[in-house]
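Data block for entry28.cif (mmCIF, C-alpha atoms and all ligand atoms):
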```
data_protein
#
loop_
_atom_site.label_atom_id
_atom_site.label_comp_id
_atom_site.auth_asym_id
_atom_site.auth_seq_id
_atom_site.Cartn_x
_atom_site.Cartn_y
_atom_site.Cartn_z
CA MET C 16 62.20 -184.76 62.48
CA ILE C 17 61.69 -187.60 60.08
CA LEU C 18 63.60 -187.90 56.84
CA THR C 19 61.77 -189.76 54.08
CA VAL C 20 63.53 -191.11 51.01
CA VAL C 21 61.69 -191.75 47.74
CA GLY C 22 62.95 -192.29 44.22
CA ALA C 23 60.61 -194.37 42.09
CA ARG C 24 57.05 -193.95 40.80
CA PRO C 25 55.26 -196.22 43.29
CA GLN C 26 57.02 -194.51 46.18
CA PHE C 27 55.69 -191.09 45.19
CA ILE C 28 52.17 -192.48 45.42
CA LYS C 29 52.76 -194.01 48.86
CA ALA C 30 54.40 -190.79 50.03
CA ALA C 31 51.41 -188.79 48.78
CA ALA C 32 49.17 -190.78 51.11
CA LEU C 33 51.47 -190.87 54.14
CA SER C 34 53.05 -187.39 54.04
CA ARG C 35 49.62 -185.78 54.14
CA VAL C 36 48.89 -187.45 57.48
CA LEU C 37 52.41 -187.47 58.91
CA ARG C 38 53.00 -183.77 58.34
CA LYS C 39 50.03 -182.86 60.52
CA GLU C 40 52.17 -183.68 63.51
CA GLN C 41 55.83 -184.13 62.52
CA LYS C 42 58.38 -182.21 60.53
CA GLU C 43 59.34 -184.20 57.47
CA VAL C 44 62.31 -183.67 55.17
CA LEU C 45 61.68 -185.30 51.81
CA VAL C 46 64.60 -186.59 49.75
CA HIS C 47 64.16 -187.69 46.13
CA THR C 48 67.09 -189.79 44.98
CA GLY C 49 66.33 -189.04 41.33
CA GLN C 50 65.97 -192.73 40.39
CA HIS C 51 62.93 -191.90 38.27
CA TYR C 52 63.33 -188.56 36.57
CA ASP C 53 61.27 -188.20 33.37
CA ALA C 54 58.47 -185.68 33.87
CA ASN C 55 55.83 -188.40 33.42
CA MET C 56 57.63 -190.74 35.87
CA SER C 57 58.22 -188.15 38.59
CA GLU C 58 57.05 -184.52 38.30
CA VAL C 59 53.48 -185.46 37.32
CA PHE C 60 52.96 -187.29 40.62
CA PHE C 61 54.15 -184.35 42.72
CA THR C 62 51.85 -181.99 40.85
CA GLU C 63 48.74 -184.17 40.54
CA LEU C 64 48.86 -185.64 44.01
CA ASP C 65 49.98 -182.49 45.74
CA ILE C 66 53.06 -184.09 47.25
CA PRO C 67 55.32 -181.62 49.05
CA ARG C 68 58.30 -180.59 46.92
CA PRO C 69 61.38 -182.63 47.82
CA ASP C 70 63.85 -180.75 49.99
CA TYR C 71 66.63 -182.53 48.10
CA ASN C 72 66.82 -184.11 44.68
CA LEU C 73 70.03 -186.08 44.40
CA GLY C 74 69.76 -186.61 40.64
CA ILE C 75 71.05 -190.18 40.77
CA ALA C 76 69.66 -192.58 38.16
CA GLY C 77 70.70 -195.31 35.77
CA GLY C 78 73.76 -197.54 35.82
CA SER C 79 74.04 -201.04 37.23
CA HIS C 80 72.36 -201.91 40.52
CA ALA C 81 75.70 -201.54 42.31
CA VAL C 82 76.59 -198.22 40.74
CA MET C 83 73.16 -196.69 41.40
CA THR C 84 72.91 -197.98 44.96
CA ALA C 85 76.47 -196.98 45.84
CA ARG C 86 76.09 -193.44 44.52
CA MET C 87 72.84 -193.05 46.44
CA LEU C 88 74.40 -194.43 49.61
CA VAL C 89 77.17 -191.83 49.56
CA ALA C 90 74.84 -188.93 48.77
CA LEU C 91 72.20 -189.98 51.31
CA GLU C 92 74.76 -190.30 54.07
CA GLU C 93 75.76 -186.69 53.45
CA VAL C 94 72.17 -185.48 53.63
CA MET C 95 71.49 -187.48 56.80
CA GLN C 96 74.63 -186.15 58.46
CA LYS C 97 73.56 -182.63 57.65
CA GLU C 98 69.88 -182.95 58.61
CA LYS C 99 70.38 -185.21 61.67
CA PRO C 100 66.89 -186.75 61.57
CA ASP C 101 65.46 -188.71 64.52
CA LYS C 102 64.14 -191.33 62.11
CA VAL C 103 64.42 -192.31 58.48
CA LEU C 104 61.42 -193.65 56.55
CA VAL C 105 61.56 -195.75 53.39
CA TYR C 106 59.02 -197.47 51.16
CA GLY C 107 59.01 -200.77 49.35
CA ASP C 108 61.95 -202.41 47.69
CA THR C 109 63.77 -200.26 45.16
CA ASN C 110 67.46 -199.43 45.05
CA SER C 111 66.58 -196.08 46.65
CA THR C 112 65.05 -198.01 49.57
CA LEU C 113 68.15 -200.11 50.13
CA ALA C 114 70.58 -197.20 49.83
CA ALA C 115 68.62 -195.16 52.39
CA ALA C 116 68.35 -198.14 54.73
CA LEU C 117 72.11 -198.74 54.68
CA ALA C 118 72.94 -195.08 55.13
CA ALA C 119 70.56 -194.79 58.10
CA VAL C 120 71.62 -197.94 59.94
CA LYS C 121 75.32 -197.11 59.62
CA LEU C 122 74.62 -193.69 61.13
CA GLN C 123 72.55 -195.41 63.83
CA ILE C 124 69.37 -193.59 62.88
CA PRO C 125 66.25 -195.67 63.57
CA LEU C 126 64.65 -196.81 60.34
CA ALA C 127 60.97 -197.28 59.47
CA HIS C 128 60.16 -199.60 56.56
CA VAL C 129 56.75 -199.34 54.94
CA GLU C 130 55.77 -202.53 53.06
CA ALA C 131 57.91 -204.74 55.28
CA GLY C 132 57.79 -208.53 55.09
CA ASN C 133 56.85 -209.01 51.45
CA ARG C 134 58.74 -211.97 50.04
CA VAL C 135 58.64 -213.67 46.66
CA GLY C 136 61.03 -216.47 47.55
CA THR C 137 63.84 -215.88 45.08
CA LEU C 138 66.94 -213.72 45.13
CA LYS C 139 66.80 -213.68 41.34
CA ASN C 140 64.23 -210.94 41.82
CA PRO C 141 66.45 -207.89 42.48
CA GLU C 142 63.81 -206.26 44.67
CA GLU C 143 63.79 -209.30 47.01
CA VAL C 144 67.36 -208.50 48.02
CA ASN C 145 66.39 -204.91 48.77
CA ARG C 146 63.38 -206.00 50.85
CA ILE C 147 65.20 -208.58 52.93
CA LEU C 148 68.16 -206.36 53.73
CA THR C 149 65.98 -203.36 54.54
CA ASP C 150 63.74 -205.38 56.86
CA HIS C 151 66.72 -206.75 58.73
CA VAL C 152 68.07 -203.29 59.62
CA SER C 153 64.72 -201.64 60.39
CA THR C 154 63.42 -200.57 63.78
CA TRP C 155 59.78 -200.31 62.65
CA ARG C 156 58.52 -202.88 60.17
CA PHE C 157 55.14 -201.84 58.81
CA ALA C 158 53.44 -204.75 57.06
CA CYS C 159 50.56 -204.21 54.64
CA VAL C 160 49.10 -207.70 54.90
CA GLN C 161 48.97 -210.70 57.22
CA SER C 162 51.19 -212.87 55.01
CA ALA C 163 53.96 -210.27 55.34
CA MET C 164 53.70 -210.46 59.13
CA GLU C 165 54.16 -214.22 58.88
CA GLU C 166 57.23 -213.83 56.69
CA LEU C 167 58.73 -211.45 59.25
CA LYS C 168 58.11 -214.00 61.97
CA LYS C 169 59.89 -216.69 59.93
CA GLU C 170 62.96 -214.45 59.81
CA ASN C 171 62.68 -213.66 63.51
CA LEU C 172 61.82 -210.05 62.75
CA GLN C 173 58.61 -209.80 64.73
CA ASN C 174 60.03 -207.11 67.04
CA GLY C 175 58.85 -203.79 65.76
CA ALA C 176 56.55 -205.48 63.21
CA HIS C 177 53.07 -203.99 62.92
CA LEU C 178 50.22 -204.94 60.63
CA VAL C 179 48.95 -201.54 59.53
CA GLY C 180 47.36 -202.11 56.11
CA ASP C 181 48.47 -200.87 52.74
CA PRO C 182 49.17 -197.16 52.08
CA MET C 183 48.47 -197.92 48.38
CA PHE C 184 44.93 -198.80 49.45
CA ASP C 185 44.69 -195.53 51.40
CA ALA C 186 45.87 -193.69 48.27
CA TYR C 187 43.42 -195.55 46.05
CA LEU C 188 40.46 -194.72 48.30
CA TYR C 189 41.55 -191.09 48.63
CA TYR C 190 42.07 -190.45 44.91
CA LYS C 191 39.43 -192.71 43.36
CA ASP C 192 36.71 -190.05 43.22
CA VAL C 193 39.11 -187.42 41.91
CA SER C 194 40.15 -189.81 39.15
CA GLU C 195 36.51 -190.41 38.17
CA ASN C 196 35.67 -186.73 37.91
CA ARG C 197 38.34 -185.34 35.65
CA PRO C 198 39.07 -185.58 31.95
CA LEU C 199 41.57 -188.27 31.04
CA ASN C 200 43.73 -186.09 28.85
CA ASP C 201 47.23 -187.51 29.27
CA LEU C 202 47.01 -190.38 26.79
CA PHE C 203 49.73 -189.89 24.16
CA ASP C 204 51.22 -192.39 21.77
CA LEU C 205 54.98 -192.86 21.72
CA ASP C 206 55.31 -190.09 19.10
CA GLY C 207 53.40 -187.65 21.29
CA ASN C 208 50.03 -187.70 19.46
CA ALA C 209 46.99 -187.42 21.69
CA LEU C 210 44.73 -190.49 21.87
CA THR C 211 41.21 -191.08 23.17
CA LEU C 212 40.48 -193.89 25.59
CA PRO C 213 38.33 -196.53 23.87
CA ARG C 214 35.00 -197.38 25.51
CA ASP C 215 35.99 -201.00 26.07
CA PHE C 216 39.62 -201.77 26.69
CA TYR C 217 42.11 -203.93 28.57
CA TYR C 218 44.88 -202.35 30.65
CA MET C 219 48.39 -203.71 30.64
CA THR C 220 51.71 -202.72 32.20
CA CYS C 221 54.99 -204.58 31.89
CA HIS C 222 58.34 -203.28 33.07
CA ARG C 223 60.09 -205.84 35.25
CA GLN C 224 63.63 -206.78 34.47
CA GLU C 225 62.52 -210.45 34.48
CA ASN C 226 60.06 -209.85 31.59
CA THR C 227 61.83 -207.17 29.61
CA ASP C 228 65.33 -208.65 29.38
CA ASP C 229 64.03 -211.25 26.94
CA LEU C 230 62.14 -209.75 24.00
CA ASN C 231 60.35 -213.04 23.32
CA LYS C 232 58.62 -212.86 26.69
CA LEU C 233 57.32 -209.37 26.02
CA ASP C 234 56.24 -210.45 22.54
CA GLN C 235 54.24 -213.36 23.99
CA ILE C 236 52.43 -211.02 26.37
CA LEU C 237 51.69 -208.57 23.55
CA GLN C 238 50.46 -211.34 21.26
CA ALA C 239 48.03 -212.49 23.94
CA MET C 240 46.70 -208.95 24.31
CA ASP C 241 46.51 -208.48 20.54
CA SER C 242 44.17 -211.47 20.24
CA LEU C 243 41.52 -210.16 22.65
CA ASP C 244 38.10 -208.72 21.78
CA ALA C 245 38.98 -205.08 22.58
CA PRO C 246 42.06 -202.89 22.38
CA THR C 247 44.69 -202.88 25.10
CA VAL C 248 46.12 -199.68 26.56
CA TYR C 249 49.77 -200.19 27.49
CA PRO C 250 51.69 -197.31 29.08
CA VAL C 251 55.29 -198.17 28.28
CA HIS C 252 57.84 -197.79 31.09
CA PRO C 253 61.06 -196.04 29.98
CA ARG C 254 63.02 -199.18 30.88
CA ASN C 255 61.68 -200.99 27.82
CA ARG C 256 60.60 -198.20 25.50
CA GLY C 257 63.36 -198.98 22.99
CA ASP C 258 62.51 -202.69 22.96
CA VAL C 259 58.82 -201.97 22.55
CA ILE C 260 59.45 -199.71 19.57
CA LYS C 261 61.57 -202.45 18.01
CA LEU C 262 58.86 -205.09 18.55
CA MET C 263 56.14 -202.76 17.22
CA GLY C 264 58.10 -202.40 13.99
CA GLU C 265 58.70 -206.14 13.63
CA LYS C 266 55.35 -207.54 14.72
CA GLY C 267 52.81 -204.88 13.76
CA TYR C 268 50.38 -205.50 16.62
CA LYS C 269 46.92 -204.25 15.60
CA GLN C 270 44.99 -203.85 18.83
CA ILE C 271 47.52 -202.38 21.24
CA LEU C 272 47.65 -198.71 22.09
CA PHE C 273 51.23 -198.13 23.13
CA VAL C 274 51.21 -194.95 25.20
CA GLN C 275 53.63 -192.90 27.24
CA PRO C 276 53.50 -193.34 31.02
CA VAL C 277 50.40 -191.68 32.44
CA GLY C 278 49.79 -189.99 35.78
CA TYR C 279 48.43 -191.90 38.77
CA LEU C 280 44.88 -190.58 38.38
CA SER C 281 44.64 -191.85 34.81
CA SER C 282 46.28 -195.11 35.76
CA ILE C 283 43.80 -195.94 38.51
CA TYR C 284 40.96 -194.77 36.28
CA MET C 285 42.05 -197.22 33.59
CA VAL C 286 42.62 -200.05 36.07
CA SER C 287 39.12 -199.51 37.46
CA HIS C 288 37.36 -199.36 34.08
CA ALA C 289 39.29 -202.00 32.19
CA LYS C 290 37.65 -205.27 31.16
CA GLN C 291 40.66 -207.03 32.69
CA VAL C 292 44.22 -206.15 33.66
CA VAL C 293 47.47 -207.87 32.70
CA THR C 294 50.57 -206.69 34.52
CA ASP C 295 53.85 -207.47 36.20
CA SER C 296 53.53 -204.50 38.54
CA GLY C 297 53.07 -205.04 42.25
CA GLY C 298 51.09 -201.81 42.47
CA VAL C 299 48.82 -202.41 39.51
CA GLN C 300 47.88 -205.94 40.61
CA ARG C 301 46.78 -204.57 43.99
CA GLU C 302 44.83 -201.73 42.38
CA ALA C 303 42.99 -204.23 40.17
CA PHE C 304 42.09 -206.10 43.35
CA PHE C 305 40.92 -202.89 45.07
CA ALA C 306 38.76 -202.10 42.04
CA GLY C 307 37.34 -205.61 41.72
CA VAL C 308 38.78 -206.04 38.23
CA GLN C 309 40.25 -209.40 37.29
CA CYS C 310 44.02 -209.46 36.89
CA VAL C 311 46.63 -211.76 35.41
CA SER C 312 50.12 -211.24 36.80
CA VAL C 313 52.79 -212.26 34.35
CA LEU C 314 55.41 -213.31 36.84
CA ASP C 315 57.10 -216.47 38.15
CA PHE C 316 56.30 -215.59 41.72
CA VAL C 317 53.48 -214.39 43.90
CA CYS C 318 53.98 -210.83 45.15
CA TRP C 319 50.69 -210.38 46.99
CA PRO C 320 49.31 -213.76 48.14
CA GLU C 321 46.13 -212.14 49.51
CA THR C 322 45.05 -211.20 45.96
CA MET C 323 45.34 -214.75 44.67
CA VAL C 324 41.83 -215.86 45.59
CA ASP C 325 38.84 -216.87 43.49
CA ASN C 326 40.70 -216.14 40.25
CA ARG C 327 40.84 -212.46 41.12
CA ASN C 328 44.58 -212.46 40.42
CA GLN C 329 46.30 -215.37 38.70
CA LEU C 330 49.92 -215.99 37.88
CA SER C 331 50.85 -216.75 34.32
CA ALA C 332 54.07 -217.48 32.52
CA PRO C 333 54.80 -215.01 29.69
CA ASP C 334 53.11 -217.34 27.23
CA LYS C 335 50.30 -216.29 24.88
CA ASP C 336 48.09 -219.35 25.41
CA ARG C 337 48.50 -219.41 29.17
CA ILE C 338 47.65 -215.74 29.50
CA ILE C 339 44.52 -216.20 27.39
CA ALA C 340 43.54 -219.29 29.41
CA ALA C 341 43.90 -217.35 32.67
CA LEU C 342 41.84 -214.46 31.30
CA SER C 343 39.03 -216.81 30.36
CA LYS C 344 38.52 -218.11 33.91
CA GLU C 345 35.68 -216.73 35.99
CA MET C 346 36.37 -214.78 39.12
CA ARG C 347 34.27 -214.40 42.23
CA ILE C 348 34.33 -211.44 44.59
CA ASP C 349 33.55 -211.66 48.29
CA PRO C 350 32.99 -208.02 49.31
CA ALA C 351 33.65 -208.86 52.96
CA TYR C 352 37.21 -209.97 52.14
CA GLN C 353 39.40 -206.86 52.69
CA PRO C 354 42.96 -208.00 53.33
CA PHE C 355 44.60 -204.60 52.71
CA GLY C 356 43.21 -202.88 55.80
CA ASP C 357 40.59 -200.22 56.27
CA GLY C 358 42.16 -197.30 54.40
CA ARG C 359 43.80 -195.94 57.54
CA ALA C 360 47.27 -197.45 57.22
CA CYS C 361 48.87 -194.00 57.12
CA GLU C 362 47.17 -192.94 60.34
CA LYS C 363 48.36 -196.12 62.03
CA ILE C 364 51.93 -195.62 60.83
CA THR C 365 51.89 -192.00 62.01
CA SER C 366 50.56 -192.98 65.39
CA LEU C 367 53.15 -195.75 65.83
CA LEU C 368 55.95 -193.38 64.85
CA ARG C 369 54.69 -190.85 67.36
C1 LIG Y 1 62.42 -199.65 39.62
C2 LIG Y 1 62.44 -200.63 40.80
C3 LIG Y 1 61.26 -201.58 40.69
C4 LIG Y 1 59.96 -200.84 40.55
C5 LIG Y 1 60.04 -199.83 39.43
C6 LIG Y 1 58.80 -198.98 39.46
C7 LIG Y 1 64.73 -201.20 41.53
C8 LIG Y 1 65.74 -202.27 41.59
N1 LIG Y 1 63.64 -201.47 40.80
O1 LIG Y 1 62.59 -200.40 38.44
O2 LIG Y 1 61.19 -202.32 41.89
O3 LIG Y 1 58.95 -201.76 40.26
O4 LIG Y 1 61.17 -198.97 39.64
O5 LIG Y 1 58.55 -198.38 38.23
O6 LIG Y 1 64.90 -200.18 42.12
N2 LIG Y 1 64.52 -194.59 33.23
C9 LIG Y 1 64.25 -193.52 32.43
N3 LIG Y 1 63.44 -192.53 32.91
C10 LIG Y 1 62.90 -192.58 34.16
C11 LIG Y 1 63.16 -193.71 34.95
C12 LIG Y 1 63.98 -194.72 34.47
O7 LIG Y 1 64.71 -193.42 31.31
O8 LIG Y 1 62.19 -191.65 34.56
C13 LIG Y 1 65.44 -195.63 32.75
C14 LIG Y 1 66.69 -195.63 33.64
O9 LIG Y 1 67.65 -194.75 33.19
C15 LIG Y 1 67.12 -197.06 33.58
C16 LIG Y 1 65.84 -197.84 33.31
O10 LIG Y 1 64.87 -196.91 32.92
O11 LIG Y 1 68.02 -197.25 32.56
C17 LIG Y 1 65.39 -198.61 34.52
O12 LIG Y 1 65.17 -197.74 35.62
P1 LIG Y 1 65.47 -198.22 37.12
O13 LIG Y 1 65.06 -197.14 38.05
O14 LIG Y 1 66.83 -198.75 37.22
O15 LIG Y 1 64.55 -199.49 37.30
P2 LIG Y 1 62.99 -199.70 37.08
O16 LIG Y 1 62.79 -200.73 36.04
O17 LIG Y 1 62.34 -198.39 36.92
N1 LIG Y 2 51.18 -196.16 37.16
C1 LIG Y 2 51.09 -194.85 36.72
N2 LIG Y 2 51.31 -194.60 35.40
C2 LIG Y 2 51.61 -195.58 34.50
C3 LIG Y 2 51.70 -196.91 34.96
C4 LIG Y 2 51.49 -197.17 36.31
O1 LIG Y 2 50.81 -193.94 37.49
O2 LIG Y 2 51.81 -195.26 33.33
C5 LIG Y 2 50.94 -196.41 38.59
C6 LIG Y 2 50.09 -197.60 38.91
O3 LIG Y 2 48.71 -197.31 38.84
C7 LIG Y 2 50.56 -197.90 40.32
C8 LIG Y 2 52.04 -197.57 40.28
O4 LIG Y 2 52.20 -196.69 39.16
O5 LIG Y 2 49.95 -197.01 41.23
C9 LIG Y 2 52.85 -198.82 40.13
O6 LIG Y 2 54.15 -198.50 39.78
P1 LIG Y 2 55.09 -199.48 38.97
O7 LIG Y 2 54.28 -200.43 38.20
O8 LIG Y 2 56.04 -198.60 38.26
O9 LIG Y 2 55.92 -200.18 40.12
P2 LIG Y 2 55.67 -201.47 41.03
O10 LIG Y 2 54.35 -201.31 41.70
O11 LIG Y 2 55.76 -202.66 40.17
O12 LIG Y 2 56.81 -201.43 41.99
#
```
Show this structure as structure tokens.
Ligand code: UD1
Ligand code: UDP
Amino acid sequence: MILTVVGARPQFIKAAALSRVLRKEQKEVLVHTGQHYDANMSEVFFTELDIPRPDYNLGIAGGSHAVMTARMLVALEEVMQKEKPDKVLVYGDTNSTLAAALAAVKLQIPLAHVEAGNRVGTLKNPEEVNRILTDHVSTWRFACVQSAMEELKKENLQNGAHLVGDPMFDAYLYYKDVSENRPLNDLFDLDGNALTLPRDFYYMTCHRQENTDDLNKLDQILQAMDSLDAPTVYPVHPRNRGDVIKLMGEKGYKQILFVQPVGYLSSIYMVSHAKQVVTDSGGVQREAFFAGVQCVSVLDFVCWPETMVDNRNQLSAPDKDRIIAALSKEMRIDPAYQPFGDGRACEKITSLLR
């Protein structure tokens, strides 16, 4: 039996793609740490994407990194001791990932890490710490892209490393048609009023600690978006909802539709139909790439080097002029260039775990 631990929005999406395939041949126990808990950050994904109900929800969220991770570690150890899985599976780089990795390795349960080998080159990025530590205690290291395999090699972690492709790409391919053929009816402003998606729009997300801790950075990004030739739809992550409301009051942006977090189907629909995308999300920048929509990543570091070709995804500082300059560059798309695999990453992972 395999015990999978999820906790945050992007992990629900990856689990939706992998659990469907994995459960055809293995028993899976699904544990939700509770890290993301609002209905539109958690429940909506389970319902829309038909993810099996978690067998456990630990209800652990908030607090400092240490407090959250430590509480999860204790609770996950208890679950693992009770369930006695043969393997533990984790995704990505959140605090839920690290807590599960530590609990598993201390109990000597072999660990599978999906999205192994991603590196941004700075420990100032809290997720980098989670990725490095998780990779170092994993038995199976499933890399999405070639550059991640190379990073694993640099850290002498090539044993158990497999280039399988990106489960986010599998999910995108699986759900794309569904997202095109349904009404987009979960667009609500921050007061709960229903909104209609404009015909032409830009899509933006911004939630990283690095961008939200300093209100000036977020303001620069919003000013750039406010100066474009069409409105911007911005689903606001709960991390910075309070700050966004404060900035809205002070700055009175005219062209930005601040909305509550949407479900995955609406999110990939908007990524795919946007004029351009501006984000600090690892998931959204890949989805823009999958959809062939130009993206500007407002970050100091490259998360997904494979996307940074032909101006398809460019880095920008959180600076109005630089963001606008990046958006005005032309991109080129080579349809033969498919660095995220063939949409069968989940089958490969399942087969390797078998
Ligand atoms: C986490 C991950 C980040 C990932 C992001 C995906 C870590 C270190 N970071 O960041 O890698 O990109 O998830 O979205 O694990 N909150 C709510 N309601 C919710 C969820 C969160 O109000 O449903 C609040 C929390 O109480 C907390 C804040 O938002 O105060 C931040 O949440 P947290 O899970 O700590 O970090 P994220 O920014 O979501
Ligand atoms: N997403 C979503 N609703 C939103 C914003 C994003 O479903 O309101 C999706 C997005 O399309 C992508 C994933 O959430 O699939 C990315 O998650 P997030 O940006 O929270 O985390 P990251 O990828 O940065 O770790």
Worksheet entry | Within 12 Å of file point (50.5, -183.5, 47.3), counting all atoms listed in the file, expressed as a PyMOL selection string | chain C and resi 27-36+38+58-69+186+189-190
Item to complete: Might you pull out every residue within 10 Å of range 111-118 of chain C, with all atoms listed in the file counted and same-chain residues fewer than 3 positions away left off, and present them as an MDAnalysis selection string?
Response: chainID C and resid 18:23 26 46:50 75:76 83:96 103:108 121:129 142 144:153
Worksheet item: Quick one, how far is CA of Ile271 in chain C from CA of Thr247 in chain C?
Response: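 Interatomic distance here is 4.8 Å.
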Worksheet item: Nearest to ligand LIG 1 (chain Y) among C:Gly297, C:Gly180, C:Gly278, C:Pro213, with distances taken over all atoms listed in the file: which residue is it?
Response: C:Gly297
Fill in: Contacts with ligand LIG 1 (chain Y) at most 7 Å, all atoms listed in the file counted, listed as a list in words
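Listing the residues within 7 Å of ligand LIG 1 (chain Y) gives Ala23, Arg24, Pro25, Gln50, His51, Tyr52, Asp53, Met56, Ser57, Ala76, Gly77, Gly78, His80, Asp108, Thr109, Asn110, Ser111, Pro141, Glu142, His222, Arg223, Gln224, Pro253, Arg254 and Ser296 of chain C.
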Practice prompt. Select the residues contacting ligand LIG 2 (chain Y) at a distance of at most 7 Å, based on only C-alpha atoms and all ligand atoms, then format the selection as a PyMOL selection string.
Written response: chain C and resi 24-25+28+220+250-252+275-280+282-283+295-299+302
Item to complete: Enter the distance from CA of Ala303 in chain C to CA of Met240 in chain C, in Å, rounded to one decimal.
Response: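 Going from CA of Ala303 in chain C over to CA of Met240 in chain C, I get 17.0 Å.
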Because the input lacks atoms here, generate N, CA, C and O atoms for range 340-353 of chain C and report them as a JSON list (two decimals), keeping the file's coordinate frame.
```
[["chain", "number", "residue", "atom", "x", "y", "z"],
["C", 340, "ALA", "N", 44.28, -218.32, 28.59],
["C", 340, "ALA", "CA", 43.54, -219.29, 29.41],
["C", 340, "ALA", "C", 43.21, -218.67, 30.77],
["C", 340, "ALA", "O", 42.08, -218.81, 31.27],
["C", 341, "ALA", "N", 44.15, -217.96, 31.35],
["C", 341, "ALA", "CA", 43.90, -217.35, 32.67],
["C", 341, "ALA", "C", 42.80, -216.30, 32.55],
["C", 341, "ALA", "O", 41.91, -216.19, 33.41],
["C", 342, "LEU", "N", 42.84, -215.53, 31.46],
["C", 342, "LEU", "CA", 41.84, -214.46, 31.30],
["C", 342, "LEU", "C", 40.43, -215.02, 31.08],
["C", 342, "LEU", "O", 39.44, -214.32, 31.29],
["C", 343, "SER", "N", 40.36, -216.28, 30.65],
["C", 343, "SER", "CA", 39.03, -216.81, 30.36],
["C", 343, "SER", "C", 38.40, -217.48, 31.59],
["C", 343, "SER", "O", 37.26, -217.92, 31.54],
["C", 344, "LYS", "N", 39.11, -217.51, 32.69],
["C", 344, "LYS", "CA", 38.52, -218.11, 33.91],
["C", 344, "LYS", "C", 37.58, -217.10, 34.58],
["C", 344, "LYS", "O", 37.78, -215.90, 34.46],
["C", 345, "GLU", "N", 36.60, -217.63, 35.29],
["C", 345, "GLU", "CA", 35.68, -216.73, 35.99],
["C", 345, "GLU", "C", 36.19, -216.37, 37.36],
["C", 345, "GLU", "O", 36.72, -217.22, 38.06],
["C", 346, "MET", "N", 35.99, -215.14, 37.75],
["C", 346, "MET", "CA", 36.37, -214.78, 39.12],
["C", 346, "MET", "C", 35.13, -214.59, 39.98],
["C", 346, "MET", "O", 34.02, -214.42, 39.47],
["C", 347, "ARG", "N", 35.36, -214.63, 41.27],
["C", 347, "ARG", "CA", 34.27, -214.40, 42.23],
["C", 347, "ARG", "C", 34.76, -213.35, 43.22],
["C", 347, "ARG", "O", 35.95, -213.36, 43.56],
["C", 348, "ILE", "N", 33.91, -212.47, 43.63],
["C", 348, "ILE", "CA", 34.33, -211.44, 44.59],
["C", 348, "ILE", "C", 33.51, -211.55, 45.87],
["C", 348, "ILE", "O", 32.28, -211.54, 45.82],
["C", 349, "ASP", "N", 34.21, -211.69, 46.98],
["C", 349, "ASP", "CA", 33.55, -211.66, 48.29],
["C", 349, "ASP", "C", 33.80, -210.26, 48.87],
["C", 349, "ASP", "O", 34.92, -209.96, 49.28],
["C", 350, "PRO", "N", 32.78, -209.41, 48.88],
["C", 350, "PRO", "CA", 32.99, -208.02, 49.31],
["C", 350, "PRO", "C", 33.48, -207.90, 50.76],
["C", 350, "PRO", "O", 34.09, -206.89, 51.13],
["C", 351, "ALA", "N", 33.23, -208.93, 51.55],
["C", 351, "ALA", "CA", 33.65, -208.86, 52.96],
["C", 351, "ALA", "C", 35.17, -209.10, 53.11],
["C", 351, "ALA", "O", 35.75, -208.81, 54.15],
["C", 352, "TYR", "N", 35.78, -209.63, 52.06],
["C", 352, "TYR", "CA", 37.21, -209.97, 52.14],
["C", 352, "TYR", "C", 38.03, -208.72, 51.82],
["C", 352, "TYR", "O", 38.09, -208.29, 50.67],
["C", 353, "GLN", "N", 38.65, -208.12, 52.85],
["C", 353, "GLN", "CA", 39.40, -206.86, 52.69],
["C", 353, "GLN", "C", 40.77, -207.01, 53.33],
["C", 353, "GLN", "O", 41.02, -206.48, 54.42]]
```
